[in-house]
Structures are given as structure tokens and as C-alpha cells.
>>> print(open('input-v8.tsv').read())   # TSV, C-alpha atoms
chain	number	residue	atom	x	y	z
A	1	TYR	CA	-188.24	-220.72	-227.27
A	2	LEU	CA	-189.95	-217.60	-225.91
A	3	GLN	CA	-188.34	-215.55	-228.65
A	4	THR	CA	-190.31	-217.62	-231.17
A	5	ILE	CA	-193.46	-216.20	-229.57
A	6	THR	CA	-192.35	-212.55	-229.69
A	7	PRO	CA	-189.07	-210.63	-229.92
A	8	LEU	CA	-190.48	-208.23	-227.29
A	9	LEU	CA	-189.02	-210.22	-224.41
A	10	GLU	CA	-187.30	-209.10	-221.23
A	11	PRO	CA	-185.45	-211.52	-218.94
A	12	GLY	CA	-186.68	-211.25	-215.36
A	13	SER	CA	-184.22	-213.72	-213.84
A	14	ILE	CA	-182.61	-217.00	-214.80
A	15	ASP	CA	-186.02	-218.68	-215.07
A	16	GLU	CA	-188.45	-215.79	-215.64
A	17	ALA	CA	-189.26	-213.47	-218.52
A	18	TYR	CA	-191.77	-210.79	-219.50
A	19	LEU	CA	-193.39	-210.98	-222.95
A	20	ASP	CA	-195.31	-208.17	-224.63
A	21	VAL	CA	-197.93	-209.98	-226.73
A	22	THR	CA	-200.13	-206.93	-227.34
A	23	ASP	CA	-199.62	-207.02	-231.10
A	24	ILE	CA	-199.88	-210.78	-231.54
A	25	GLU	CA	-203.10	-211.68	-233.34
A	26	VAL	CA	-204.67	-214.37	-231.18
A	27	GLU	CA	-208.31	-214.98	-230.36
A	28	ASP	CA	-207.67	-215.82	-226.72
A	29	TYR	CA	-204.57	-214.96	-224.68
A	30	LEU	CA	-205.38	-217.76	-222.27
A	31	ASN	CA	-204.97	-220.22	-225.15
A	32	LEU	CA	-201.61	-218.65	-226.01
A	33	ALA	CA	-200.51	-218.96	-222.38
A	34	LYS	CA	-201.61	-222.62	-222.35
A	35	LYS	CA	-199.64	-223.30	-225.54
A	36	ILE	CA	-196.50	-221.74	-224.04
A	37	GLN	CA	-196.97	-223.70	-220.84
A	38	ASP	CA	-197.53	-227.01	-222.67
A	39	ASP	CA	-194.61	-226.46	-225.05
A	40	LEU	CA	-192.19	-225.68	-222.23
A	41	TYR	CA	-193.21	-228.84	-220.41
A	42	ILE	CA	-193.17	-231.13	-223.46
A	43	MET	CA	-190.02	-229.74	-225.06
A	44	TYR	CA	-187.90	-228.98	-221.98
A	45	GLN	CA	-189.66	-230.72	-219.06
A	46	LEU	CA	-190.04	-227.30	-217.41
A	47	PRO	CA	-193.23	-226.64	-215.43
A	48	ALA	CA	-194.11	-222.96	-215.76
A	49	SER	CA	-196.59	-220.66	-214.04
A	50	ILE	CA	-197.84	-217.82	-216.21
A	51	GLY	CA	-199.36	-214.48	-215.24
A	52	ILE	CA	-201.26	-212.22	-217.61
A	53	GLY	CA	-201.64	-208.52	-216.83
A	54	PRO	CA	-201.53	-205.00	-218.31
A	55	ASN	CA	-198.08	-204.31	-216.82
A	56	LYS	CA	-195.06	-206.24	-215.60
A	57	PHE	CA	-195.89	-205.94	-211.90
A	58	LEU	CA	-199.38	-207.36	-212.26
A	59	ALA	CA	-198.18	-210.10	-214.61
A	60	LYS	CA	-195.43	-211.09	-212.16
A	61	THR	CA	-197.86	-211.05	-209.24
A	62	ALA	CA	-200.35	-213.16	-211.18
A	63	SER	CA	-197.68	-215.71	-212.09
A	64	ASP	CA	-196.95	-216.26	-208.39
A	65	MET	CA	-200.59	-216.87	-207.46
A	66	LYS	CA	-200.86	-220.42	-208.80
A	67	LYS	CA	-197.86	-222.72	-208.75
A	68	PRO	CA	-196.92	-224.98	-210.35
A	69	LEU	CA	-198.49	-224.96	-213.82
A	70	GLY	CA	-200.93	-222.17	-213.08
A	71	ILE	CA	-202.27	-219.53	-215.44
A	72	THR	CA	-203.69	-216.41	-213.79
A	73	VAL	CA	-205.11	-213.18	-215.21
A	74	LEU	CA	-204.90	-210.06	-213.03
A	75	ARG	CA	-206.71	-206.98	-214.34
A	76	LYS	CA	-206.60	-203.52	-212.80
A	77	LYS	CA	-210.30	-203.69	-211.99
A	78	GLU	CA	-209.60	-206.80	-209.90
A	79	ILE	CA	-206.87	-205.42	-207.65
A	80	MET	CA	-209.21	-204.71	-204.71
A	81	GLN	CA	-210.51	-208.28	-204.84
A	82	LYS	CA	-207.39	-210.25	-205.73
A	83	LEU	CA	-204.38	-208.06	-204.87
A	84	TRP	CA	-205.24	-206.10	-201.74
A	85	PRO	CA	-206.04	-209.10	-199.48
A	86	LEU	CA	-202.56	-210.57	-200.04
A	87	SER	CA	-200.00	-210.36	-197.24
A	88	ILE	CA	-197.51	-207.55	-197.82
A	89	GLU	CA	-194.66	-210.11	-197.88
A	90	LYS	CA	-196.24	-211.58	-201.04
A	91	MET	CA	-195.72	-208.29	-202.87
A	92	TYR	CA	-192.98	-208.28	-205.49
A	93	GLY	CA	-190.37	-205.74	-204.43
A	94	VAL	CA	-190.84	-206.17	-200.69
A	95	GLY	CA	-187.64	-207.81	-199.46
A	96	LYS	CA	-186.39	-209.05	-196.11
A	97	LYS	CA	-185.25	-205.59	-195.05
A	98	THR	CA	-188.39	-203.75	-196.16
A	99	LEU	CA	-190.91	-206.23	-194.77
A	100	PRO	CA	-190.36	-205.62	-191.02
A	101	LEU	CA	-190.29	-201.84	-191.59
A	102	LEU	CA	-193.68	-201.91	-193.29
A	103	GLN	CA	-195.09	-204.19	-190.61
A	104	MET	CA	-193.74	-201.85	-187.94
A	105	ILE	CA	-195.96	-199.01	-189.21
A	106	GLY	CA	-199.03	-201.22	-189.42
A	107	ILE	CA	-198.91	-202.37	-193.06
A	108	LYS	CA	-199.81	-206.05	-193.03
A	109	THR	CA	-201.46	-206.45	-196.45
A	110	ILE	CA	-201.08	-204.89	-199.89
A	111	GLY	CA	-204.42	-203.22	-199.25
A	112	ASP	CA	-203.01	-201.59	-196.12
A	113	LEU	CA	-200.25	-200.08	-198.25
A	114	ALA	CA	-202.64	-198.94	-200.98
A	115	ASN	CA	-204.79	-197.13	-198.43
A	116	TYR	CA	-202.00	-195.83	-196.19
A	117	GLN	CA	-202.62	-192.17	-195.33
A	118	ASP	CA	-199.41	-190.95	-193.72
A	119	MET	CA	-197.14	-190.70	-196.75
A	120	LYS	CA	-194.45	-188.83	-194.82
A	121	MET	CA	-194.23	-191.74	-192.41
A	122	LEU	CA	-193.98	-194.14	-195.34
A	123	TYR	CA	-191.23	-192.06	-196.99
A	124	ASP	CA	-189.28	-191.79	-193.72
A	125	THR	CA	-189.59	-195.52	-193.05
A	126	ILE	CA	-188.51	-197.12	-196.32
A	127	GLY	CA	-187.22	-194.19	-198.37
A	128	ILE	CA	-189.04	-192.00	-200.84
A	129	ASN	CA	-188.16	-193.95	-204.00
A	130	SER	CA	-189.15	-197.35	-202.62
A	131	ALA	CA	-192.28	-195.88	-201.05
A	132	LYS	CA	-193.46	-194.29	-204.29
A	133	SER	CA	-192.77	-197.44	-206.32
A	134	LEU	CA	-194.49	-199.83	-203.91
A	135	TYR	CA	-197.43	-197.48	-203.42
A	136	GLU	CA	-197.97	-197.29	-207.19
A	137	HIS	CA	-197.76	-201.07	-207.45
A	138	ALA	CA	-200.30	-201.49	-204.67
A	139	HIS	CA	-202.72	-199.53	-206.87
A	140	GLY	CA	-202.04	-201.83	-209.81
A	141	LYS	CA	-199.79	-199.41	-211.65
A	142	GLY	CA	-196.45	-200.39	-213.13
A	143	ASP	CA	-194.02	-200.30	-216.00
A	144	ASN	CA	-195.29	-201.93	-219.20
A	145	VAL	CA	-192.23	-201.25	-221.37
A	146	ILE	CA	-190.20	-204.31	-222.32
A	147	ASN	CA	-186.42	-203.90	-222.08
A	148	SER	CA	-185.02	-206.54	-224.42
A	149	ASN	CA	-181.43	-205.52	-223.59
A	150	ARG	CA	-181.70	-206.25	-219.87
A	151	PHE	CA	-178.97	-208.61	-218.66
A	152	ASN	CA	-177.24	-208.33	-222.02
A	153	GLU	CA	-173.87	-209.34	-220.60
A	154	VAL	CA	-173.05	-212.52	-222.48
A	155	SER	CA	-172.61	-215.61	-220.33
A	156	SER	CA	-173.17	-218.13	-223.11
A	157	ILE	CA	-173.47	-218.33	-226.89
A	158	SER	CA	-175.32	-221.13	-228.62
A	159	ASN	CA	-176.85	-222.30	-231.86
A	160	SER	CA	-179.07	-225.22	-232.80
A	161	GLN	CA	-180.59	-226.96	-235.79
A	162	THR	CA	-183.75	-229.04	-236.05
A	163	PHE	CA	-183.81	-231.55	-238.91
A	164	GLU	CA	-186.94	-231.66	-241.06
A	165	ASN	CA	-186.95	-235.45	-240.75
A	166	ASP	CA	-185.31	-237.94	-238.42
A	167	GLU	CA	-181.62	-238.06	-239.27
A	168	TYR	CA	-179.56	-241.26	-239.06
A	169	ASN	CA	-176.56	-240.37	-241.23
A	170	VAL	CA	-173.55	-239.46	-239.08
A	171	SER	CA	-171.87	-237.59	-241.96
A	172	ASN	CA	-174.90	-235.31	-242.27
A	173	MET	CA	-174.86	-234.73	-238.54
A	174	LYS	CA	-171.18	-233.77	-238.62
A	175	MET	CA	-171.79	-231.40	-241.53
A	176	VAL	CA	-174.52	-229.61	-239.58
A	177	LEU	CA	-172.30	-229.58	-236.49
A	178	LYS	CA	-169.58	-227.79	-238.47
A	179	ILE	CA	-172.09	-225.15	-239.55
A	180	LEU	CA	-173.22	-224.66	-235.95
A	181	VAL	CA	-169.62	-224.45	-234.74
A	182	ASN	CA	-168.77	-221.86	-237.40
A	183	THR	CA	-171.70	-219.70	-236.33
A	184	VAL	CA	-170.79	-219.91	-232.64
A	185	SER	CA	-167.13	-219.20	-233.43
A	186	ASN	CA	-168.02	-216.13	-235.51
A	187	ARG	CA	-170.25	-214.78	-232.74
A	188	LEU	CA	-167.49	-215.30	-230.17
A	189	GLU	CA	-164.92	-213.55	-232.34
A	190	LYS	CA	-167.21	-210.60	-233.09
A	191	ARG	CA	-167.60	-210.02	-229.35
A	192	SER	CA	-163.88	-210.62	-228.72
A	193	LEU	CA	-164.78	-213.51	-226.42
A	194	LYS	CA	-163.32	-216.94	-225.76
A	195	ALA	CA	-164.95	-219.86	-223.95
A	196	TYR	CA	-163.69	-222.46	-221.52
A	197	THR	CA	-166.71	-224.78	-221.51
A	198	PHE	CA	-168.50	-226.37	-224.46
A	199	THR	CA	-171.70	-228.37	-224.46
A	200	ILE	CA	-173.35	-230.39	-227.21
A	201	GLN	CA	-176.97	-231.45	-226.98
A	202	ILE	CA	-178.89	-233.94	-229.09
A	203	LYS	CA	-182.65	-234.31	-228.98
A	204	TYR	CA	-184.36	-237.49	-230.16
A	205	ASN	CA	-187.75	-237.83	-231.81
A	206	ASN	CA	-189.29	-238.74	-228.45
A	207	PHE	CA	-188.00	-235.36	-227.10
A	208	LYS	CA	-185.44	-237.08	-224.89
A	209	LEU	CA	-182.45	-234.75	-224.53
A	210	ASN	CA	-178.86	-235.87	-223.99
A	211	SER	CA	-175.97	-233.49	-223.40
A	212	ARG	CA	-172.23	-233.73	-222.92
A	213	THR	CA	-169.98	-230.98	-221.57
A	214	ARG	CA	-166.21	-230.48	-221.66
A	215	SER	CA	-164.23	-227.73	-219.95
A	216	LEU	CA	-160.77	-226.71	-221.15
A	217	ASP	CA	-157.75	-225.38	-219.30
A	218	ASN	CA	-157.41	-222.53	-221.82
A	219	PRO	CA	-160.27	-220.71	-223.56
A	220	ILE	CA	-160.71	-220.84	-227.35
A	221	ASN	CA	-162.89	-219.25	-230.02
A	222	ASP	CA	-161.62	-220.60	-233.38
A	223	ASN	CA	-163.90	-222.96	-235.28
A	224	LYS	CA	-161.35	-225.75	-235.85
A	225	SER	CA	-160.52	-226.07	-232.16
A	226	ILE	CA	-164.18	-225.92	-231.13
A	227	TYR	CA	-165.14	-228.57	-233.68
A	228	GLN	CA	-162.35	-230.83	-232.47
A	229	VAL	CA	-163.64	-230.54	-228.88
>>> encode(input="input-v8.tsv", output="C-alpha cells")
Amino acid sequence: YLQTITPLLEPGSIDEAYLDVTDIEVEDYLNLAKKIQDDLYIMYQLPASIGIGPNKFLAKTASDMKKPLGITVLRKKEIMQKLWPLSIEKMYGVGKKTLPLLQMIGIKTIGDLANYQDMKMLYDTIGINSAKSLYEHAHGKGDNVINSNRFNEVSSISNSQTFENDEYNVSNMKMVLKILVNTVSNRLEKRSLKAYTFTIQIKYNNFKLNSRTRSLDNPINDNKSIYQV
């Protein structure tokens, strides 16, 4: 769904993504965020929190500020007001190992990190690379380049078709299913992949979604076998 908004999309995790919407012609980015949020909930029953910012760090931080179903804008000029008062454990990139080390040298908030004077101490405590990255983030700086190829290792291949009108003819459904199977089979073969598990989903006109899954003892990738499953 997010790829229908923009192809400039980077997966953040299994349920997060960064979108670069700089070149999308919209009057109000808050309205775009609200549309995405509403669509995800209506179409997939997924509540989403959305953050808007000039780079990935600020957007990620903003998305965590209001959950669930929040929409937050975090601008660089607002970091002193909105970012610095936050506890350092709320900072993206500060994990379980880093947190006690930062607290040990007196860094309790993101503002403490942004205004920390003894950089040598910071480098010695958490390492120079982590220190530089977190220090930059504390000042609202961060990477704004979308990497669409991140996590490009294939774990699943799928295809879908939405009918223009409600479809009741089983023969038509089977014909479309064959087309979908052929596409999935071709994509598997091009990547020299085979699959053990196959899932079919059907969505009704009230957006109710039903799915059925079958796992095989031996993996396959040819269209006839997949269609039979």
C-alpha cells in the first residue's frame, strides 16, 4: 500500500517504513498522513502512528510521540522544546547496553546529550562512532536519504488483483487466480527460489479479509503445482 503513495520507501522493520514525500504535490502533508493512517486502518485494520520530519531520525522520533493513531510533526526549530526534554532512553538508537553508560556519565535527557561538553568522555564511554551519531541526532541532524533496497532479501513473493466490480463468477475468479499464480511462479523462477508455504487471500466488498494457508513437505515454483495447491 505504501508503495502506491511513493516508490521512495525504505523498510524500517517489519511494521515500520520511511517515505520520502518531498516531491509529491499535496497542499498539506498532515492531510496526506491522515489519509495514509485512515487507509491502513480501513483496509488492513492496522492502527498506525505517523511522524513527519526533515530526516529519518526526527520522523521516527515523532512517530513514537503519540501512540496509537497519532500524527506528529517534528521540525528542527522545535528540537529544544520537543526533543531535548525527553528521557535519553526514549531516543532512537539508545539500546539497553548504551543507556546505563550514558546515565553513568550524567546524561539523563536528550538535551543533556546535546549539550554535553566532554566529548572525549563520551567517545571513551560508548565508542566514537555511536557517540558521533547520537550527538548529531540530539541536535536534530540525521540521514534523509531513502534506501529502497534495504532488507532486500526475499522472504515472500506475492501478487494481487482488485476487480473493478463485485465478482460472483467462480470461473472468472479462477482465471484471475491462474494469472496471479503465473506471475508469482515467474518471479520465483527468475530468482531461482522455491516456496514451501502458500497463502490465498480474498477480500469482500465490506473489506472483510479471509485467508487460507498450506505448507508443503517439498518446495515448488512451477505454476501448475502452485495453482493446484
>>> atom_distance(input="input-v8.tsv", atom1="atom CA of A:Gly111", atom2="atom CA of A:Pro85")
6.1 Å
>>> residues_around(input="input-v8.tsv", residues="A:Asp217", least_positions_apart="2", cutoff="8 Å", atoms="all atoms listed in the file", output="tab-separated table (two decimals) with C-alpha atoms, keeping the file's coordinate frame")
chain	number	residue	atom	x	y	z
A	196	TYR	CA	-163.69	-222.46	-221.52
A	215	SER	CA	-164.23	-227.73	-219.95
A	219	PRO	CA	-160.27	-220.71	-223.56
>>> residues_around(input="input-v8.tsv", residues="A:Lys35", least_positions_apart="3", cutoff="12 Å", atoms="only C-alpha atoms", output="list in words")
Tyr1, Leu2, Ile5, Val26, Asp28, Tyr29, Leu30, Asn31, Leu32, Asp38, Asp39, Leu40, Tyr41, Ile42, Met43, Ala48, Ile50, Leu69 and Ile71 of chain A
>>> closest_residue(input="input-v8.tsv", among="A:Ile126, A:Ile146, A:Asn159, A:Thr98", to="A:Thr22", atoms="all atoms listed in the file")
A:Ile146
>>> closest_residue(input="input-v8.tsv", among="A:Ser185, A:Ile110, A:Ser155, A:Val229", to="A:Gln81", atoms="only C-alpha atoms")
A:Ile110
>>> atom_distance(input="input-v8.tsv", atom1="atom CA of A:Leu9", atom2="atom CA of A:Gly142")
16.7 Å
>>> residues_around(input="input-v8.tsv", residues="A:Thr162", least_positions_apart="2", cutoff="10 Å", atoms="only C-alpha atoms", output="PyMOL selection string")
chain A and resi 160+164-167+176+202-203
>>> atom_distance(input="input-v8.tsv", atom1="atom CA of A:Asn205", atom2="atom CA of A:Gln161")
13.6 Å
>>> closest_residue(input="input-v8.tsv", among="A:Val94, A:Tyr44, A:Leu113, A:Asn144", to="A:Ala59", atoms="only C-alpha atoms")
A:Asn144
>>> closest_residue(input="input-v8.tsv", among="A:Thr61, A:Val170, A:Leu209, A:Ser148", to="A:Glu10", atoms="all atoms listed in the file")
A:Ser148
>>> residues_around(input="input-v8.tsv", residues="A:Arg212", least_positions_apart="4", cutoff="10 Å", atoms="all atoms listed in the file", output="ChimeraX atom specification")
/A:198-202
>>> residues_around(input="input-v8.tsv", residues="A:Val21", least_positions_apart="2", cutoff="8 Å", atoms="all atoms listed in the file", output="short mmCIF file (atom, residue, chain, number, x, y, z; two decimals) with C-alpha atoms, in the coordinates of the input")
data_model
loop_
_atom_site.label_atom_id
_atom_site.label_comp_id
_atom_site.auth_asym_id
_atom_site.auth_seq_id
_atom_site.Cartn_x
_atom_site.Cartn_y
_atom_site.Cartn_z
CA THR A 6 -192.35 -212.55 -229.69
CA LEU A 8 -190.48 -208.23 -227.29
CA LEU A 19 -193.39 -210.98 -222.95
CA ASP A 23 -199.62 -207.02 -231.10
CA ILE A 24 -199.88 -210.78 -231.54
#
>>> closest_residue(input="input-v8.tsv", among="A:Lys66, A:Asp20, A:Tyr168, A:Gln103", to="A:Tyr204", atoms="only C-alpha atoms")
A:Tyr168
>>> closest_residue(input="input-v8.tsv", among="A:Thr4, A:Ser133, A:Ser158, A:Gln228", to="A:Asn186", atoms="all atoms listed in the file")
A:Ser158
